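*Asks:* Sharing coords_18.txt, compact mmCIF, C-alpha atoms (C1' of nucleotides):
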# COMPACT_ATOMS: atom_id res chain seq x y z
CA MET A 223 -9.72 -15.76 26.78
CA PRO A 224 -11.77 -12.93 28.35
CA ARG A 225 -14.28 -11.57 25.89
CA THR A 226 -13.54 -7.99 25.15
CA GLY A 227 -17.09 -7.30 24.01
CA LEU A 228 -15.87 -5.52 20.92
CA THR A 229 -18.27 -3.99 18.42
CA ALA A 230 -17.81 -3.00 14.81
CA ALA A 231 -18.25 0.64 15.82
CA GLU A 232 -15.37 0.40 18.29
CA VAL A 233 -13.12 -1.17 15.67
CA VAL A 234 -13.92 1.62 13.24
CA ARG A 235 -13.37 4.22 15.94
CA ALA A 236 -9.96 2.77 16.79
CA GLY A 237 -9.07 2.63 13.11
CA ALA A 238 -10.11 6.25 12.64
CA GLU A 239 -8.03 7.38 15.60
CA LEU A 240 -4.99 5.52 14.34
CA ALA A 241 -5.47 6.89 10.85
CA ASP A 242 -5.41 10.39 12.31
CA GLU A 243 -2.36 9.65 14.40
CA ALA A 244 -0.22 7.59 12.06
CA GLY A 245 -1.59 8.52 8.66
CA PHE A 246 -4.29 6.73 6.73
CA GLY A 247 -1.78 5.09 4.42
CA ARG A 248 0.06 3.51 7.30
CA LEU A 249 -3.00 2.06 8.97
CA THR A 250 -2.73 -1.71 9.47
CA LEU A 251 -5.03 -4.22 11.07
CA GLY A 252 -2.20 -5.12 13.40
CA MET A 253 -2.18 -1.59 14.80
CA VAL A 254 -5.92 -1.60 15.29
CA ALA A 255 -5.83 -4.98 16.98
CA GLU A 256 -3.07 -3.90 19.33
CA ARG A 257 -4.93 -0.75 20.29
CA LEU A 258 -8.01 -2.80 21.10
CA GLY A 259 -6.10 -5.51 22.93
CA VAL A 260 -6.99 -8.34 20.59
CA ARG A 261 -5.25 -10.35 17.88
CA PRO A 262 -5.51 -9.25 14.25
CA PRO A 263 -7.67 -12.17 13.07
CA SER A 264 -10.26 -11.31 15.72
CA LEU A 265 -11.08 -8.12 13.86
CA TYR A 266 -12.59 -10.16 11.07
CA LYS A 267 -15.52 -10.90 13.35
CA HIS A 268 -16.42 -7.22 13.06
CA VAL A 269 -15.15 -6.00 9.70
CA ALA A 270 -14.84 -7.96 6.50
CA SER A 271 -11.36 -6.82 5.52
CA LEU A 272 -8.92 -3.94 5.67
CA ALA A 273 -10.69 -2.41 2.68
CA ASP A 274 -13.98 -2.68 4.54
CA LEU A 275 -12.51 -0.95 7.57
CA GLN A 276 -11.14 1.83 5.37
CA HIS A 277 -14.54 2.26 3.78
CA ARG A 278 -16.22 2.44 7.19
CA ILE A 279 -13.72 5.05 8.33
CA ALA A 280 -14.59 7.10 5.26
CA THR A 281 -18.26 6.78 6.13
CA LEU A 282 -17.62 7.86 9.71
CA ALA A 283 -15.68 10.84 8.44
CA MET A 284 -18.48 11.92 6.12
CA ARG A 285 -21.05 11.63 8.88
CA GLU A 286 -18.96 13.57 11.35
CA MET A 287 -18.17 16.25 8.82
CA ASP A 288 -21.80 16.51 7.83
CA GLU A 289 -22.73 17.08 11.44
CA ALA A 290 -19.99 19.66 11.92
CA ILE A 291 -21.12 21.49 8.80
CA ARG A 292 -24.77 21.50 9.83
CA ASP A 293 -23.96 22.75 13.30
CA ALA A 294 -21.81 25.52 11.87
CA MET A 295 -24.37 26.65 9.32
CA ILE A 296 -27.41 26.95 11.59
CA GLY A 297 -29.10 30.29 11.16
CA ARG A 298 -26.69 31.52 8.52
CA SER A 299 -27.08 32.31 4.86
CA GLY A 300 -25.22 33.85 1.96
CA ARG A 301 -21.56 34.52 2.43
CA ASP A 302 -21.94 33.93 6.14
CA ALA A 303 -23.13 30.39 5.51
CA LEU A 304 -20.39 29.79 2.95
CA ALA A 305 -17.73 30.89 5.41
CA ALA A 306 -19.21 28.76 8.17
CA LEU A 307 -19.25 25.71 5.93
CA ALA A 308 -15.69 26.28 4.77
CA ARG A 309 -14.41 26.79 8.30
CA ALA A 310 -16.19 23.68 9.50
CA VAL A 311 -14.52 21.64 6.78
CA ARG A 312 -11.16 23.14 7.63
CA SER A 313 -11.54 22.43 11.35
CA TYR A 314 -12.64 18.89 10.73
CA VAL A 315 -9.82 18.07 8.35
CA THR A 316 -7.24 19.66 10.59
CA ALA A 317 -8.46 17.65 13.55
CA HIS A 318 -8.95 14.43 11.55
CA PRO A 319 -6.60 14.28 8.58
CA GLY A 320 -6.52 10.50 8.50
CA ARG A 321 -10.28 10.16 8.45
CA TYR A 322 -10.61 12.71 5.70
CA THR A 323 -7.97 10.94 3.65
CA ALA A 324 -10.05 7.79 3.92
CA THR A 325 -12.75 9.52 1.92
CA VAL A 326 -10.41 10.46 -0.90
CA GLY A 327 -10.15 7.15 -2.70
CA ALA A 328 -13.41 5.73 -1.40
CA GLN A 329 -15.89 4.37 -3.92
CA PHE A 330 -19.59 3.87 -3.43
CA ALA A 331 -20.41 0.18 -3.14
CA GLY A 332 -23.94 0.64 -4.41
CA PRO A 333 -27.13 2.63 -4.00
CA ASP A 334 -27.47 1.53 -0.38
CA ASP A 335 -23.93 2.38 0.60
CA PRO A 336 -24.10 4.45 3.79
CA LEU A 337 -21.13 6.42 2.50
CA LEU A 338 -23.31 7.58 -0.36
CA ALA A 339 -26.02 8.71 2.05
CA ALA A 340 -23.54 10.61 4.20
CA SER A 341 -21.93 12.22 1.18
CA SER A 342 -25.31 13.24 -0.14
CA ARG A 343 -26.10 14.99 3.11
CA VAL A 344 -22.88 16.98 2.85
CA ILE A 345 -23.77 17.88 -0.72
CA ASP A 346 -27.17 19.03 0.54
CA SER A 347 -25.42 21.58 2.70
CA PHE A 348 -23.55 22.82 -0.36
CA GLY A 349 -26.92 23.22 -2.03
CA ALA A 350 -28.22 25.14 0.95
CA VAL A 351 -25.38 27.62 0.67
CA LEU A 352 -26.03 28.09 -3.02
CA HIS A 353 -29.70 28.68 -2.34
CA GLY A 354 -28.64 31.74 -0.42
CA TYR A 355 -26.82 32.95 -3.52
CA GLY A 356 -29.93 32.56 -5.62
CA ILE A 357 -28.34 29.82 -7.68
CA ALA A 358 -30.86 27.35 -9.08
CA GLY A 359 -31.76 25.33 -12.15
CA ASP A 360 -28.97 24.03 -14.32
CA ASP A 361 -26.48 26.22 -12.56
CA LEU A 362 -27.12 24.51 -9.26
CA VAL A 363 -25.48 21.22 -10.16
CA HIS A 364 -22.53 22.99 -11.74
CA ALA A 365 -22.09 25.20 -8.71
CA ILE A 366 -22.31 22.26 -6.33
CA ARG A 367 -19.59 20.45 -8.26
CA THR A 368 -17.47 23.56 -8.32
CA LEU A 369 -17.79 24.13 -4.60
CA ARG A 370 -17.00 20.50 -3.98
CA CYS A 371 -13.83 20.71 -6.06
CA THR A 372 -12.61 23.79 -4.28
CA LEU A 373 -13.22 22.61 -0.75
CA HIS A 374 -12.06 19.09 -1.49
CA GLY A 375 -8.84 20.44 -2.93
CA PHE A 376 -8.20 22.47 0.16
CA ALA A 377 -9.06 19.53 2.38
CA VAL A 378 -6.81 17.08 0.54
CA LEU A 379 -3.88 19.45 0.72
CA GLN A 380 -4.57 20.19 4.37
CA ALA A 381 -4.89 16.50 5.26
CA GLY A 382 -1.62 15.76 3.51
CA SER A 383 0.01 18.67 5.29
CA ALA A 384 1.13 19.71 1.86
CA PHE A 385 0.86 23.33 2.89
CA GLN A 386 3.98 25.15 3.85
CA TRP A 387 1.58 28.01 4.57
CA SER A 388 3.72 29.70 7.16
CA ASP A 389 1.79 31.85 9.57
CA ASP A 390 -0.52 33.52 7.09
CA ALA A 391 -2.64 30.41 6.67
CA ASP A 392 -5.65 32.19 8.15
CA GLN A 393 -5.32 35.04 5.71
CA SER A 394 -5.06 32.66 2.78
CA PHE A 395 -8.13 30.83 3.97
CA ASP A 396 -10.04 34.08 4.26
CA TRP A 397 -8.94 34.88 0.73
CA LEU A 398 -10.23 31.50 -0.39
CA ILE A 399 -13.60 32.25 1.14
CA GLY A 400 -13.74 35.63 -0.58
CA PHE A 401 -12.75 33.96 -3.83
CA MET A 402 -15.61 31.49 -3.58
CA ASP A 403 -18.03 34.22 -2.61
CA ARG A 404 -17.13 36.27 -5.68
CA GLY A 405 -17.21 33.23 -7.90
CA LEU A 406 -20.72 32.36 -6.83
CA ARG A 407 -22.13 35.78 -7.68
CA ALA A 408 -23.38 35.60 -11.23
CA MET B 289 20.89 -13.95 -18.60
CA PRO B 290 20.57 -11.47 -21.49
CA ARG B 291 21.05 -7.94 -20.20
CA THR B 292 17.94 -5.95 -20.76
CA GLY B 293 19.78 -2.67 -20.58
CA LEU B 294 17.19 -1.14 -18.31
CA THR B 295 17.43 2.41 -17.06
CA ALA B 296 15.81 4.13 -14.13
CA ALA B 297 13.82 6.25 -16.57
CA GLU B 298 12.36 3.15 -18.21
CA VAL B 299 11.39 1.69 -14.85
CA VAL B 300 9.64 4.91 -13.91
CA ARG B 301 7.92 5.05 -17.28
CA ALA B 302 6.62 1.50 -16.90
CA GLY B 303 5.47 2.27 -13.37
CA ALA B 304 3.67 5.37 -14.55
CA GLU B 305 1.90 3.47 -17.32
CA LEU B 306 0.81 0.76 -14.94
CA ALA B 307 -0.37 3.31 -12.40
CA ASP B 308 -2.56 4.83 -15.11
CA GLU B 309 -3.87 1.45 -16.18
CA ALA B 310 -4.38 -0.34 -12.88
CA GLY B 311 -4.61 2.52 -10.43
CA PHE B 312 -1.81 4.06 -8.43
CA GLY B 313 -2.86 2.28 -5.27
CA ARG B 314 -2.59 -1.11 -6.91
CA LEU B 315 0.85 -0.58 -8.37
CA THR B 316 3.31 -3.27 -7.28
CA LEU B 317 6.94 -3.87 -8.10
CA GLY B 318 5.93 -7.29 -9.37
CA MET B 319 3.74 -5.70 -12.03
CA VAL B 320 6.49 -3.35 -13.10
CA ALA B 321 9.01 -6.15 -13.26
CA GLU B 322 6.70 -8.31 -15.35
CA ARG B 323 6.04 -5.49 -17.79
CA LEU B 324 9.76 -4.97 -18.20
CA GLY B 325 10.56 -8.67 -18.48
CA VAL B 326 12.74 -8.85 -15.38
CA ARG B 327 12.42 -10.20 -11.84
CA PRO B 328 11.24 -7.89 -9.05
CA PRO B 329 14.58 -7.72 -7.19
CA SER B 330 16.26 -6.49 -10.37
CA LEU B 331 14.36 -3.23 -10.10
CA TYR B 332 16.37 -2.33 -7.02
CA LYS B 333 19.33 -1.70 -9.28
CA HIS B 334 17.41 1.29 -10.64
CA VAL B 335 15.11 2.51 -7.88
CA ALA B 336 15.70 2.38 -4.16
CA SER B 337 12.29 1.10 -3.15
CA LEU B 338 8.61 1.13 -4.01
CA ALA B 339 8.31 4.46 -2.22
CA ASP B 340 11.15 5.81 -4.34
CA LEU B 341 9.42 4.64 -7.52
CA GLN B 342 6.20 6.29 -6.41
CA HIS B 343 8.04 9.51 -5.73
CA ARG B 344 9.68 9.40 -9.14
CA ILE B 345 6.32 8.83 -10.81
CA ALA B 346 5.01 11.90 -9.00
CA THR B 347 7.98 13.87 -10.28
CA LEU B 348 7.41 12.66 -13.83
CA ALA B 349 3.76 13.67 -13.55
CA MET B 350 4.62 17.16 -12.36
CA ARG B 351 7.11 17.64 -15.16
CA GLU B 352 4.72 16.41 -17.81
CA MET B 353 1.89 18.51 -16.47
CA ASP B 354 4.14 21.55 -16.29
CA GLU B 355 5.02 21.10 -19.93
CA ALA B 356 1.39 20.61 -20.93
CA ILE B 357 0.40 23.75 -19.05
CA ARG B 358 3.15 25.85 -20.59
CA ASP B 359 2.31 24.66 -24.08
CA ALA B 360 -1.33 25.45 -23.54
CA MET B 361 -0.74 28.91 -22.12
CA ILE B 362 1.60 30.26 -24.79
CA GLY B 363 0.45 33.62 -26.03
CA ARG B 364 -2.57 33.79 -23.74
CA SER B 365 -3.44 36.00 -20.81
CA GLY B 366 -6.31 36.81 -18.51
CA ARG B 367 -9.29 34.53 -18.58
CA ASP B 368 -7.99 32.95 -21.75
CA ALA B 369 -4.83 31.86 -19.96
CA LEU B 370 -6.80 30.64 -16.95
CA ALA B 371 -9.03 28.52 -19.16
CA ALA B 372 -6.05 27.13 -21.05
CA LEU B 373 -4.31 26.19 -17.82
CA ALA B 374 -7.42 24.56 -16.41
CA ARG B 375 -8.08 22.59 -19.57
CA ALA B 376 -4.48 21.44 -19.71
CA VAL B 377 -4.74 20.11 -16.16
CA ARG B 378 -8.00 18.40 -16.96
CA SER B 379 -6.61 16.76 -20.08
CA TYR B 380 -3.52 15.58 -18.31
CA VAL B 381 -5.35 14.11 -15.35
CA THR B 382 -7.90 12.42 -17.57
CA ALA B 383 -5.15 10.85 -19.64
CA HIS B 384 -2.94 10.02 -16.65
CA PRO B 385 -5.01 9.50 -13.51
CA GLY B 386 -2.48 7.18 -11.90
CA ARG B 387 0.39 9.56 -12.36
CA TYR B 388 -1.58 12.44 -10.95
CA THR B 389 -2.59 10.35 -7.95
CA ALA B 390 1.09 9.75 -7.31
CA THR B 391 1.47 13.46 -6.65
CA VAL B 392 -1.31 13.56 -4.07
CA GLY B 393 0.47 12.09 -1.10
CA ALA B 394 3.97 12.92 -2.26
CA GLN B 395 6.25 14.79 0.13
CA PHE B 396 9.29 16.83 -0.74
CA ALA B 397 12.44 15.01 0.33
CA GLY B 398 14.41 18.23 0.72
CA PRO B 399 15.37 21.46 -0.99
CA ASP B 400 17.00 19.58 -3.86
CA ASP B 401 14.07 17.28 -4.50
CA PRO B 402 13.32 17.40 -8.24
CA LEU B 403 9.64 17.08 -7.35
CA LEU B 404 9.91 20.42 -5.62
CA ALA B 405 11.48 21.99 -8.68
CA ALA B 406 8.79 20.59 -10.96
CA SER B 407 6.01 21.69 -8.60
CA SER B 408 7.50 25.15 -8.40
CA ARG B 409 7.40 25.46 -12.15
CA VAL B 410 3.73 24.58 -12.18
CA ILE B 411 3.12 27.16 -9.49
CA ASP B 412 4.96 29.68 -11.64
CA SER B 413 2.33 29.16 -14.30
CA PHE B 414 -0.34 29.87 -11.73
CA GLY B 415 1.48 33.09 -10.95
CA ALA B 416 1.60 33.97 -14.63
CA VAL B 417 -2.16 33.65 -14.88
CA LEU B 418 -2.64 35.84 -11.85
CA HIS B 419 -0.33 38.43 -13.30
CA GLY B 420 -2.87 38.82 -16.09
CA TYR B 421 -5.50 39.54 -13.47
CA GLY B 422 -3.39 42.26 -11.95
CA ILE B 423 -2.98 40.35 -8.72
CA ALA B 424 0.25 41.12 -6.90
CA GLY B 425 1.77 41.73 -3.49
CA ASP B 426 0.29 39.89 -0.53
CA ASP B 427 -2.68 38.82 -2.59
CA LEU B 428 -0.48 36.89 -4.98
CA VAL B 429 0.45 34.13 -2.56
CA HIS B 430 -3.13 33.81 -1.35
CA ALA B 431 -4.44 33.66 -4.91
CA ILE B 432 -1.86 31.05 -5.90
CA ARG B 433 -2.87 28.87 -2.99
CA THR B 434 -6.52 29.34 -3.81
CA LEU B 435 -6.06 28.41 -7.44
CA ARG B 436 -4.03 25.42 -6.42
CA CYS B 437 -6.77 24.20 -4.09
CA THR B 438 -9.45 24.54 -6.72
CA LEU B 439 -7.60 22.83 -9.54
CA HIS B 440 -6.13 20.19 -7.27
CA GLY B 441 -9.59 19.38 -5.96
CA PHE B 442 -10.90 18.95 -9.44
CA ALA B 443 -7.91 16.85 -10.42
CA VAL B 444 -8.13 14.55 -7.41
CA LEU B 445 -11.81 13.92 -8.02
CA GLN B 446 -11.20 13.39 -11.71
CA ALA B 447 -8.30 11.01 -11.10
CA GLY B 448 -10.39 9.01 -8.67
CA SER B 449 -13.24 8.97 -11.16
CA ALA B 450 -15.34 10.21 -8.29
CA PHE B 451 -17.43 12.18 -10.72
CA GLN B 452 -20.72 10.77 -11.78
CA TRP B 453 -20.86 13.86 -13.99
CA SER B 454 -23.09 12.37 -16.63
CA ASP B 455 -22.78 14.06 -19.99
CA ASP B 456 -22.73 17.65 -18.81
CA ALA B 457 -19.17 17.38 -17.55
CA ASP B 458 -18.01 19.94 -20.08
CA GLN B 459 -20.61 22.43 -18.98
CA SER B 460 -19.66 21.96 -15.35
CA PHE B 461 -16.03 22.48 -16.20
CA ASP B 462 -16.85 25.65 -18.09
CA TRP B 463 -18.78 26.81 -15.04
CA LEU B 464 -15.74 26.05 -12.90
CA ILE B 465 -13.61 28.21 -15.15
CA GLY B 466 -16.12 31.05 -14.98
CA PHE B 467 -16.22 30.66 -11.20
CA MET B 468 -12.46 30.99 -10.92
CA ASP B 469 -12.45 33.93 -13.30
CA ARG B 470 -15.02 35.80 -11.21
CA GLY B 471 -13.26 34.88 -8.00
CA LEU B 472 -9.98 36.33 -9.21
CA ARG B 473 -11.48 39.73 -10.04
CA ALA B 474 -11.07 41.86 -6.96
C1' DG C 26 41.91 -9.83 -29.78
C1' DC C 27 42.78 -11.00 -24.44
C1' DC C 28 41.93 -9.82 -19.40
C1' DG C 29 40.09 -7.74 -15.44
C1' DT C 30 36.53 -5.11 -13.43
C1' DT C 31 31.96 -3.43 -12.87
C1' DG C 32 27.34 -3.93 -12.21
C1' DA C 33 22.74 -5.73 -14.22
C1' DG C 34 19.91 -9.28 -13.37
C1' DC C 35 19.20 -13.60 -10.98
C1' DT C 36 17.89 -17.06 -7.15
C1' DA C 37 17.01 -17.87 -2.43
C1' DA C 38 15.63 -16.23 1.78
C1' DT C 39 13.48 -12.98 5.22
C1' DC C 40 9.84 -9.98 6.99
C1' DT C 41 5.52 -7.74 7.20
C1' DT C 42 0.69 -7.90 6.63
C1' DA C 43 -3.69 -9.57 5.10
C1' DT C 44 -6.50 -13.34 5.25
C1' DT C 45 -8.51 -18.14 6.06
C1' DA C 46 -9.32 -22.48 8.72
C1' DG C 47 -10.61 -24.51 12.50
C1' DC C 48 -10.70 -24.66 17.75
C1' DT C 49 -12.44 -23.24 22.34
C1' DA C 50 -14.59 -21.41 25.85
C1' DT C 51 -17.66 -17.57 27.31
C1' DA C 52 -22.03 -15.50 27.84
C1' DA C 53 -26.78 -15.37 27.08
C1' DG C 54 -31.26 -17.71 26.82
C1' DG C 55 -34.09 -21.38 28.12
C1' DC D 270 -27.99 -26.17 35.00
C1' DC D 271 -27.60 -27.02 29.95
C1' DT D 272 -27.40 -25.55 25.07
C1' DT D 273 -25.95 -22.81 21.62
C1' DA D 274 -24.12 -19.12 19.09
C1' DT D 275 -20.02 -16.70 18.44
C1' DA D 276 -15.94 -13.63 20.03
C1' DG D 277 -11.46 -14.27 20.12
C1' DC D 278 -7.63 -17.43 19.61
C1' DT D 279 -3.66 -20.18 17.33
C1' DA D 280 -1.74 -21.97 13.22
C1' DA D 281 -1.17 -21.72 8.50
C1' DT D 282 -1.24 -19.60 3.76
C1' DA D 283 -0.28 -16.01 0.44
C1' DA D 284 1.23 -11.71 -1.51
C1' DG D 285 4.54 -8.34 -1.69
C1' DA D 286 8.72 -5.65 -0.37
C1' DT D 287 13.27 -6.08 0.47
C1' DT D 288 18.13 -8.05 1.33
C1' DA D 289 22.14 -11.17 0.52
C1' DG D 290 25.04 -13.04 -2.31
C1' DC D 291 26.09 -15.14 -6.95
C1' DT D 292 27.12 -14.90 -12.00
C1' DC D 293 28.10 -13.61 -16.16
C1' DA D 294 27.81 -10.04 -19.91
C1' DA D 295 29.78 -5.83 -21.54
C1' DC D 296 33.18 -2.41 -21.53
C1' DG D 297 37.83 -0.28 -21.12
C1' DG D 298 42.75 -0.90 -21.05
C1' DC D 299 46.43 -3.52 -22.82
Could you express the structure from this file as structure tokens?
*Replies:*
Amino acid sequence: MPRTGLTAAEVVRAGAELADEAGFGRLTLGMVAERLGVRPPSLYKHVASLADLQHRIATLAMREMDEAIRDAMIGRSGRDALAALARAVRSYVTAHPGRYTATVGAQFAGPDDPLLAASSRVIDSFGAVLHGYGIAGDDLVHAIRTLRCTLHGFAVLQAGSAFQWSDDADQSFDWLIGFMDRGLRA
Amino acid sequence: MPRTGLTAAEVVRAGAELADEAGFGRLTLGMVAERLGVRPPSLYKHVASLADLQHRIATLAMREMDEAIRDAMIGRSGRDALAALARAVRSYVTAHPGRYTATVGAQFAGPDDPLLAASSRVIDSFGAVLHGYGIAGDDLVHAIRTLRCTLHGFAVLQAGSAFQWSDDADQSFDWLIGFMDRGLRA
DNA sequence: GCCGTTGAGCTAATCTTATTAGCTATAAGG
DNA sequence: CCTTATAGCTAATAAGATTAGCTCAACGGC
């Protein structure tokens, strides 16, 4: 019984990879265990349940996406920042559809939920973009929600490969960015 | 063994109601069977599997939403039509979160899939709105996709009750409509 | 009104997966 | 070297989907 020296982080990583490969909805603890070379019950030493693993994958996704967004937005503002943010989201979701899907149904467990913290950081980047558009006050919260809806909608459809977007996907995405840019100019 | 006289439509209806009540992700054949007063295996005389039931619920949702949208849009054009469409979607998703969620991961089974037909009719309404904005040609397909992303994003968040939107939800939704209206004016 | 056929609904059984209980031996600290 | 905490294991339970095969109610033809 050689100790594998597993950590919770490795379990979540394996789960995230499998979610991307097989689809979040098809993720099972058996798959994760096999990938890690252990038996399914052993995973319970690191995560509390399948639901817990799913929640951790969502948290990982939010953190990774936050980082990708921040990297992409450095030194940009206005429409340039908006486009960078949107493209970062698109890249992340395309590369990690399973992880993004984990965030879709995820609920915050409480005020200390790390998923909440990660989500808030992403929202902060939305706010930063809107700052460049001179949006503030009451409008700010409405605009943040609006931006979130739009990008989330794109991301959900992308993650579910619901797009039949033939070869003009890039053009449509550019159109989407222009659409948001116009919409944010009051 | 009194024959219940069940039909596939009734099974789907019961499934849709339960999805709205308990959450799409928690829907089980056992729940549906109990609601209908039969044993779980009996459902297989009407639907092929749980996945089939889920797909049929998605189809029902698309049809119902299509009808709601068409009713709401009658005699309207331009921003008025856009607002009517958006509000119809919002009403439907609020009333039927489980059914809408069924549409999220749904895939088209083929060119004859009734879900495809129902979805196409909804998309037609999107096109009708855009017609009022004078959008045509190459832009039309991009604008349809953009509108779909935005409304789908809102709907997914609404269905998942991911909004903490306190009491200013209506204002935010109005802002969303204004945002789309501005974005569609080229 | 009687008879045969169809199929709706049933019970029993199988399979997959999540999850718990309880054991064991490894690795780390003294 | 010895103690102890615990990672990982096997065995067992439970929920849920699904299949096999039975039975009898309803319907059409006579």
*Asks:* Would you list which chain B residues are within 7 Å of chain A using only C-alpha atoms, as a list in words?
*Replies:*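 Every residue of chain B that passes the 7 Å test is in Gly393, His430, Thr434, Cys437, Thr438, His440, Gly441, Phe442, Gly448, Ser460, Trp463, Leu464, Phe467, Met468, Arg470, Gly471 and Leu472 of chain B.
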*Asks:* Taking into account all atoms listed in the file, which residue in the set A:Thr229, A:Gln386, A:Thr250, A:Thr325 is nearest to chain C?
*Replies:*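 Between A:Thr229, A:Gln386, A:Thr250, A:Thr325, the residue approaching chain C most closely is A:Thr250.
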*Asks:* Got a sec: who's within 12 Å of DT51 in chain C, counting only C-alpha atoms (C1' of nucleotides), leaving out chain neighbours fewer than 3 positions off, as an NGL selection string?
*Replies:* (:A and (223-227)) or (:D and (273-277))
*Asks:* Between CA of Ala339 in chain A and CA of Tyr322 in chain A, what distance in Å does the model show, to one decimal?
*Replies:*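 Distance reported for this atom pair: 16.3 Å.
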*Asks:* Should the cut-off be 12 Å, what would the residue list for chain B against chain D look like, counting all atoms listed in the file, as a count of residues only?
*Replies:* 20
*Asks:* Quick one: range 434-447 of chain B with N, CA and C atoms, as a short mmCIF file (atom, residue, chain, number, x, y, z; two decimals), in the frame of the given file?
*Replies:*
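In the end it all went to part_22.cif:
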data_model
loop_
_atom_site.label_atom_id
_atom_site.label_comp_id
_atom_site.auth_asym_id
_atom_site.auth_seq_id
_atom_site.Cartn_x
_atom_site.Cartn_y
_atom_site.Cartn_z
N THR B 434 -5.10 29.55 -3.51
CA THR B 434 -6.52 29.34 -3.81
C THR B 434 -6.70 28.61 -5.14
N LEU B 435 -5.98 29.06 -6.14
CA LEU B 435 -6.06 28.41 -7.44
C LEU B 435 -5.59 26.97 -7.35
N ARG B 436 -4.56 26.77 -6.59
CA ARG B 436 -4.03 25.42 -6.42
C ARG B 436 -5.08 24.50 -5.78
N CYS B 437 -5.72 24.99 -4.74
CA CYS B 437 -6.77 24.20 -4.09
C CYS B 437 -7.85 23.81 -5.09
N THR B 438 -8.32 24.79 -5.83
CA THR B 438 -9.45 24.54 -6.72
C THR B 438 -9.09 23.53 -7.81
N LEU B 439 -7.97 23.74 -8.45
CA LEU B 439 -7.60 22.83 -9.54
C LEU B 439 -7.19 21.46 -9.00
N HIS B 440 -6.53 21.47 -7.86
CA HIS B 440 -6.13 20.19 -7.27
C HIS B 440 -7.38 19.39 -6.88
N GLY B 441 -8.35 20.06 -6.32
CA GLY B 441 -9.59 19.38 -5.96
C GLY B 441 -10.25 18.76 -7.16
N PHE B 442 -10.33 19.51 -8.22
CA PHE B 442 -10.90 18.95 -9.44
C PHE B 442 -10.09 17.74 -9.89
N ALA B 443 -8.79 17.91 -9.91
CA ALA B 443 -7.91 16.85 -10.42
C ALA B 443 -8.00 15.58 -9.58
N VAL B 444 -8.04 15.72 -8.27
CA VAL B 444 -8.13 14.55 -7.41
C VAL B 444 -9.44 13.80 -7.67
N LEU B 445 -10.51 14.55 -7.77
CA LEU B 445 -11.81 13.92 -8.02
C LEU B 445 -11.82 13.25 -9.39
N GLN B 446 -11.25 13.94 -10.35
CA GLN B 446 -11.20 13.39 -11.71
C GLN B 446 -10.34 12.11 -11.74
N ALA B 447 -9.20 12.16 -11.10
CA ALA B 447 -8.30 11.01 -11.10
C ALA B 447 -8.92 9.82 -10.39
#
